[in-house]
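Q: Dropping in final-v7.txt, which is compact mmCIF, C-alpha atoms:
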# COMPACT_ATOMS: atom_id res chain seq x y z
CA MET V 1342 -1.16 -16.68 6.28
CA LEU V 1343 2.26 -15.09 5.87
CA ILE V 1344 2.62 -16.45 2.35
CA LYS V 1345 -0.88 -15.26 1.45
CA TYR V 1346 -0.15 -11.73 2.68
CA LEU V 1347 3.21 -11.66 0.89
CA ASN V 1348 1.58 -12.87 -2.33
CA ASP V 1349 -1.12 -10.21 -2.00
CA LEU V 1350 1.55 -7.56 -1.56
CA ASP V 1351 3.55 -8.85 -4.51
CA ARG V 1352 0.51 -8.71 -6.80
CA ALA V 1353 -0.44 -5.25 -5.54
CA VAL V 1354 3.06 -3.91 -6.16
CA GLN V 1355 3.16 -5.37 -9.66
CA ARG V 1356 -0.18 -3.77 -10.50
CA ALA V 1357 0.85 -0.42 -9.03
CA ARG V 1358 4.09 -0.47 -11.04
CA GLN V 1359 2.06 -0.95 -14.20
CA THR V 1360 -0.56 1.71 -13.54
CA LEU V 1361 0.80 4.07 -10.86
CA ASP V 1362 -2.76 5.13 -10.13
CA ILE V 1363 -3.96 6.12 -6.68
CA ASP V 1364 -6.22 3.07 -6.27
CA SER V 1365 -3.38 0.64 -7.01
CA ILE V 1366 -1.03 2.48 -4.70
CA GLY V 1367 -3.74 2.48 -2.03
CA ARG V 1368 -4.03 -1.29 -2.40
CA CYS V 1369 -0.28 -1.55 -1.73
CA MET V 1370 -0.68 0.58 1.40
CA ASP V 1371 -3.48 -1.72 2.57
CA CYS V 1372 -1.37 -4.84 1.95
CA VAL V 1373 1.57 -3.34 3.84
CA ALA V 1374 -0.67 -2.47 6.80
CA VAL V 1375 -2.19 -5.96 6.92
CA LEU V 1376 1.23 -7.58 6.72
CA GLN V 1377 2.65 -5.32 9.44
CA ASP V 1378 -0.28 -6.09 11.72
CA TYR V 1379 0.12 -9.81 11.11
CA LEU V 1380 3.87 -9.77 11.69
CA SER V 1381 3.55 -7.77 14.91
CA GLY V 1382 1.86 -10.77 16.51
CA GLN V 1383 4.43 -13.33 15.37
CA MET V 1384 7.59 -14.69 16.96
CA GLU V 1385 10.78 -12.72 16.34
CA PRO V 1386 12.27 -15.04 13.65
CA VAL V 1387 9.02 -14.93 11.65
CA GLN V 1388 8.81 -11.15 12.07
CA ARG V 1389 12.37 -10.64 10.91
CA LYS V 1390 12.02 -12.85 7.84
CA GLY V 1391 8.62 -11.39 6.97
CA PHE V 1392 9.91 -7.83 7.13
CA GLU V 1393 12.96 -8.80 5.06
CA ILE V 1394 10.78 -10.28 2.34
CA MET V 1395 8.41 -7.31 2.47
CA ALA V 1396 11.32 -4.89 2.06
CA HIS V 1397 12.49 -6.90 -0.95
CA LEU V 1398 9.03 -6.75 -2.57
CA LEU V 1399 8.56 -3.00 -2.15
CA PRO V 1400 9.98 -0.78 -4.88
CA ALA V 1401 12.75 1.73 -4.22
CA ASP V 1402 10.30 4.56 -4.86
CA PHE V 1403 7.76 3.27 -2.33
CA ASP V 1404 8.20 6.43 -0.23
CA MET V 1405 7.16 8.51 -3.25
CA TRP V 1406 4.13 6.25 -3.73
CA THR V 1407 3.21 6.78 -0.09
CA ALA V 1408 3.53 10.55 -0.39
CA LYS V 1409 1.42 10.57 -3.57
CA TRP V 1410 -1.25 8.44 -1.94
CA LEU V 1411 -1.33 10.53 1.25
CA SER V 1412 -1.57 13.80 -0.67
CA ALA V 1413 -4.42 12.42 -2.76
CA ARG V 1414 -6.29 11.38 0.39
CA ARG V 1415 -5.82 14.80 2.00
CA SER V 1416 -6.97 16.85 -0.98
CA PRO V 1417 -10.64 17.74 -0.89
CA ALA V 1418 -12.94 16.10 -3.39
CA PRO V 1419 -13.65 18.43 -6.29
CA MET V 1420 -17.15 19.86 -6.29
CA SER V 1421 -19.13 19.90 -9.47
CA ARG V 1422 -20.57 23.18 -10.68
CA ALA V 1423 -24.06 21.80 -10.13
CA ALA V 1424 -23.32 21.02 -6.50
CA GLY V 1425 -21.89 24.51 -5.97
CA ALA V 1426 -25.07 26.08 -7.32
CA LEU V 1427 -27.29 24.38 -4.77
Write out the structure in this file as structure tokens.

A:
Amino acid sequence: MLIKYLNDLDRAVQRARQTLDIDSIGRCMDCVAVLQDYLSGQMEPVQRKGFEIMAHLLPADFDMWTAKWLSARRSPAPMSRAAGAL
């Protein structure tokens, strides 16, 4: 499973680097969360190696991606004019 989760993260990061859209960045956040949950239940050597590989896969600007994604999730959905008239 570790290899599957790492491969999923690698693909998600590659896609997010290409597009930098909120959905792609959100997919990276999901992959990171799944991988962290998985590693938390593993033995220490597996945890350490998994976190090392994960750190290598994540881009240097991952913190900016996280901030962008979080701010997009917090902002209210825009209302259409039609919905406001109801």

Q: When you draw a straight line from CA of Val1354 in chain V to CA of Arg1414 in chain V, how long is it in Å?

A: 19.1 Å

Q: Would you compute, for all listed atoms of range 1342-1356 of chain V, the axis-aligned bounding box grown by 4 Å on each side, and then report its centre and edge lengths in Å rounded to one decimal, as JSON?

A:
{"center_x": 1.2, "center_y": -10.2, "center_z": -2.1, "size_x": 12.7, "size_y": 20.9, "size_z": 24.8}

Q: Please determine, counting all atoms listed in the file, which residue among V:Met1395, V:Leu1361, V:Met1370, V:Ala1401 has the shortest atom-to-atom distance to Ile1344 in chain V.

A: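 Checking each of V:Met1395, V:Leu1361, V:Met1370, V:Ala1401 against Ile1344 in chain V, counting all atoms listed in the file, the winner is V:Met1395.
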
Q: Would you mind reading off the distance between CA of Asp1371 in chain V and CA of His1397 in chain V, one decimal, in Å?

A: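 The value is 17.2 Å.
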
Q: Measure the distance from CA of Ile1363 in chain V to CA of Asp1349 in chain V in Å and round it to one decimal.

A: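 Going from CA of Ile1363 in chain V over to CA of Asp1349 in chain V covers 17.2 Å.
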
Q: Identify which of the residues V:Ser1365, V:Leu1343, V:Asn1348, V:Ala1353 lies closest to Gln1377 in chain V, counting all atoms listed in the file when measuring atom-to-atom distances.

A: V:Leu1343

Q: Which one of V:Met1342, V:Asp1378, V:Ile1366, V:Arg1358 sits closest to Lys1409 in chain V if you count only C-alpha atoms?

A: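 Checking each of V:Met1342, V:Asp1378, V:Ile1366, V:Arg1358 against Lys1409 in chain V, counting only C-alpha atoms, the winner is V:Ile1366.
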
Q: Please identify all polymer residues within 9 Å of Gly1391 in chain V, counting only C-alpha atoms, omitting same-chain residues fewer than 5 positions from it, and present them as a list in words.

A: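 Everything that qualifies: Leu1343, Leu1347, Leu1376, Gln1377, Leu1380, Pro1386 and Ala1396 of chain V.
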
Q: Choose the residue, out of V:Met1384, V:Ser1412, V:Glu1393, V:Leu1398, that has the smallest atom-to-atom separation from Leu1350 in chain V; count only C-alpha atoms.

A: V:Leu1398

Q: Pick the closest to Trp1406 in chain V from V:Tyr1346, V:Val1375, V:Thr1360, V:Val1387: which is it, counting all atoms listed in the file?

A: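 Ranking V:Tyr1346, V:Val1375, V:Thr1360, V:Val1387 by distance to Trp1406 in chain V, first place goes to V:Thr1360.
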
Q: Considering all atoms listed in the file, can you say which of V:Trp1410, V:Tyr1379, V:Phe1403, V:Phe1392 comes closest to Asp1364 in chain V?

A: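 When distances to Asp1364 in chain V are compared using all atoms listed in the file, the smallest one comes from V:Trp1410.
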